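Student: Please see the structure below; I have some questions.
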Amino acid sequence: MSKTYGQGRTRNFACVVYEESAPAFWQGLLAEQAVPAFISPLHDRDINPTGEPKKPHYHVMIMFESTKTIAQAEEVFSVINGVGCEKINSTRGYARYLVHADNPEKAQYSPSEVISLCGADYVQATSLQSDKYVAIREMLEFIDENNIFSYAKFLSYCAANREDWFRSLCDSSTYVIKEYLKSRKWDYDEEQRRTSEIR
């Protein structure tokens with residue numbers, strides 16, 4: 001390992017991997033370590049402060065179930081020829097950094113390309129409270145645009161087509177959406193009744 005940051009024990013660590021120095025099938029070798037991990041998309045559009053392109057690389061984050069020393073984390077990274085061993089203070093913050101989610105001035109990478117190993121859940125790790133409200137707003141707009149009244153049909157659509165909405169419904173948004181659908185149906189029926197009376 002070329003550099004080590006900080007001392008003591010923690011649960012989460014990160015390193016950088018360069019394809020030319022990593023062993024063949026390095027991602028499989030990492031999975032064999034049985035430590036939950038995230039592998040970033042290939043960072044091939046990053047720029048140095050001097051304006052020169054950085055060497056393409058991956059960021060790898062491992063998350064132990066209990067605290068470990070840097071030496072123990074380095075044992076895992078040595079299998080894939082990882083460079084550096086950085087202690088991670090915030091799981092969510094670093095997981096979001098894998099795609100530069102909070103760094104709009106940097107090259108942006110797709111969250112769908114993050115590889116999750118050994119039970120790590122990238123969506124759960126990176127979700128913010130504000131994401132829930134964004135999802136609810138998007139769902140309400142979709143319901144209005146498609147004139148939906150059935151929660152069952154909407155949930156089925158989300159399960160098949162929108163994983164983010166489906167998770168939101170399963171975790172915390174079902175009450176709001178069901179009440180909105182119920183209110184829409186009441187408004188629709190009331191409008192139909194009034195139209196019939198006018199005729």
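Every chain in the structure tokens takes a letter, A first, then B, and so on in the order presented; its residues are numbered from 1, and the ligands are numbered from 1 following the presented order.
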Please extract the residues of stretch 66-134 of chain A with a backbone DSSP assignment of alpha helix (DSSP H) and present them as a ChimeraX atom specification.

Tutor: /A:70-78,91-97,122-126,129-134

Student: Using Å and a single decimal, report how far atom CA of A:Ile136 sits from atom CA of A:Ser150.

Tutor: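 Interatomic distance here is 16.2 Å.
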
Student: What's around A:Glu163 at 12 Å? Count only C-alpha atoms, leave out sequence neighbours fewer than 5 positions away in its own chain, and write the answer as a list of chain:residue names.

Tutor: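 Near neighbours after the sequence-gap exclusion: A:Ser112, A:Val123, A:Gln124, A:Ala135, A:Leu155, A:Ser156, A:Tyr157, A:Cys158, A:Ser168, A:Leu169, A:Cys170.
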
Student: Once you have the residues from the selection above, write them out as a compact mmCIF listing (two decimals), in the first residue's frame, restricted to N, CA, C and O atoms.

Tutor:
# COMPACT_ATOMS: atom_id res chain seq x y z
N SER A 112 -26.46 3.64 -11.20
CA SER A 112 -26.83 2.29 -11.63
C SER A 112 -25.61 1.45 -11.98
O SER A 112 -25.70 0.23 -12.09
N VAL A 123 -28.58 1.71 -2.78
CA VAL A 123 -29.72 2.64 -2.69
C VAL A 123 -29.97 3.02 -1.24
O VAL A 123 -30.14 4.19 -0.91
N GLN A 124 -30.00 2.03 -0.36
CA GLN A 124 -30.23 2.31 1.05
C GLN A 124 -29.11 3.16 1.64
O GLN A 124 -29.36 4.07 2.43
N ALA A 135 -39.45 11.70 -4.43
CA ALA A 135 -40.15 10.53 -4.98
C ALA A 135 -41.66 10.71 -4.87
O ALA A 135 -42.39 10.40 -5.82
N LEU A 155 -48.90 0.30 -7.60
CA LEU A 155 -47.83 -0.44 -6.93
C LEU A 155 -47.21 -1.47 -7.87
O LEU A 155 -45.99 -1.63 -7.91
N SER A 156 -48.05 -2.13 -8.63
CA SER A 156 -47.58 -3.13 -9.59
C SER A 156 -46.70 -2.46 -10.65
O SER A 156 -45.65 -2.99 -11.04
N TYR A 157 -47.12 -1.29 -11.13
CA TYR A 157 -46.32 -0.55 -12.11
C TYR A 157 -44.95 -0.20 -11.52
O TYR A 157 -43.91 -0.37 -12.16
N CYS A 158 -44.95 0.30 -10.28
CA CYS A 158 -43.70 0.70 -9.64
C CYS A 158 -42.77 -0.49 -9.46
O CYS A 158 -41.56 -0.39 -9.68
N SER A 168 -39.82 3.43 -1.96
CA SER A 168 -40.44 4.50 -1.20
C SER A 168 -41.82 4.09 -0.68
O SER A 168 -42.15 4.31 0.48
N LEU A 169 -42.60 3.43 -1.54
CA LEU A 169 -43.93 2.96 -1.12
C LEU A 169 -43.81 1.91 -0.02
O LEU A 169 -44.56 1.95 0.97
N CYS A 170 -42.89 1.00 -0.16
CA CYS A 170 -42.74 -0.07 0.82
C CYS A 170 -42.22 0.44 2.16
O CYS A 170 -42.57 -0.08 3.22

Student: Please report, as CSV, each residue of stretch 64-157 of chain A lying at most 12 Å from stretch 185-188 of chain A, together with the nearest pair of atoms and the separation in Å rounded to one decimal; use only C-alpha atoms, and order rows by chain and ascending residue number.

Tutor:
residue,atom,partner,partner_atom,distance
A:Ile143,CA,A:Lys185,CA,11.5
A:Asp144,CA,A:Lys185,CA,11.3
A:Asn147,CA,A:Lys185,CA,9.8
A:Ile148,CA,A:Lys185,CA,8.9
A:Phe149,CA,A:Lys185,CA,6.1
A:Ser150,CA,A:Lys185,CA,9.0
A:Tyr151,CA,A:Lys185,CA,11.1

Student: Any chance you could export the current selection's N, CA, C and O atoms as a PDB file, in the first residue's frame?

Tutor:
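Saved as part.pdb:
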ATOM      1  N   ILE A 143     -49.309  10.005 -11.257  1.00  0.00           N
ATOM      2  CA  ILE A 143     -50.701   9.598 -11.015  1.00  0.00           C
ATOM      3  C   ILE A 143     -51.659  10.548 -11.726  1.00  0.00           C
ATOM      4  O   ILE A 143     -52.615  10.115 -12.386  1.00  0.00           O
ATOM      5  N   ASP A 144     -51.404  11.855 -11.617  1.00  0.00           N
ATOM      6  CA  ASP A 144     -52.273  12.840 -12.276  1.00  0.00           C
ATOM      7  C   ASP A 144     -52.195  12.726 -13.795  1.00  0.00           C
ATOM      8  O   ASP A 144     -53.218  12.727 -14.486  1.00  0.00           O
ATOM      9  N   ASN A 147     -53.948   9.583 -14.893  1.00  0.00           N
ATOM     10  CA  ASN A 147     -55.309   9.428 -14.380  1.00  0.00           C
ATOM     11  C   ASN A 147     -55.495   8.089 -13.647  1.00  0.00           C
ATOM     12  O   ASN A 147     -56.407   7.308 -13.936  1.00  0.00           O
ATOM     13  N   ILE A 148     -54.627   7.832 -12.688  1.00  0.00           N
ATOM     14  CA  ILE A 148     -54.638   6.572 -11.939  1.00  0.00           C
ATOM     15  C   ILE A 148     -55.492   6.696 -10.689  1.00  0.00           C
ATOM     16  O   ILE A 148     -55.430   7.702  -9.975  1.00  0.00           O
ATOM     17  N   PHE A 149     -56.283   5.659 -10.415  1.00  0.00           N
ATOM     18  CA  PHE A 149     -57.089   5.604  -9.196  1.00  0.00           C
ATOM     19  C   PHE A 149     -56.762   4.385  -8.343  1.00  0.00           C
ATOM     20  O   PHE A 149     -57.021   4.365  -7.144  1.00  0.00           O
ATOM     21  N   SER A 150     -56.206   3.348  -8.945  1.00  0.00           N
ATOM     22  CA  SER A 150     -55.986   2.082  -8.255  1.00  0.00           C
ATOM     23  C   SER A 150     -54.585   2.005  -7.642  1.00  0.00           C
ATOM     24  O   SER A 150     -53.577   2.066  -8.361  1.00  0.00           O
ATOM     25  N   TYR A 151     -54.528   1.855  -6.320  1.00  0.00           N
ATOM     26  CA  TYR A 151     -53.228   1.688  -5.651  1.00  0.00           C
ATOM     27  C   TYR A 151     -52.571   0.389  -6.092  1.00  0.00           C
ATOM     28  O   TYR A 151     -51.353   0.344  -6.300  1.00  0.00           O
TER      29      TYR A 151
END
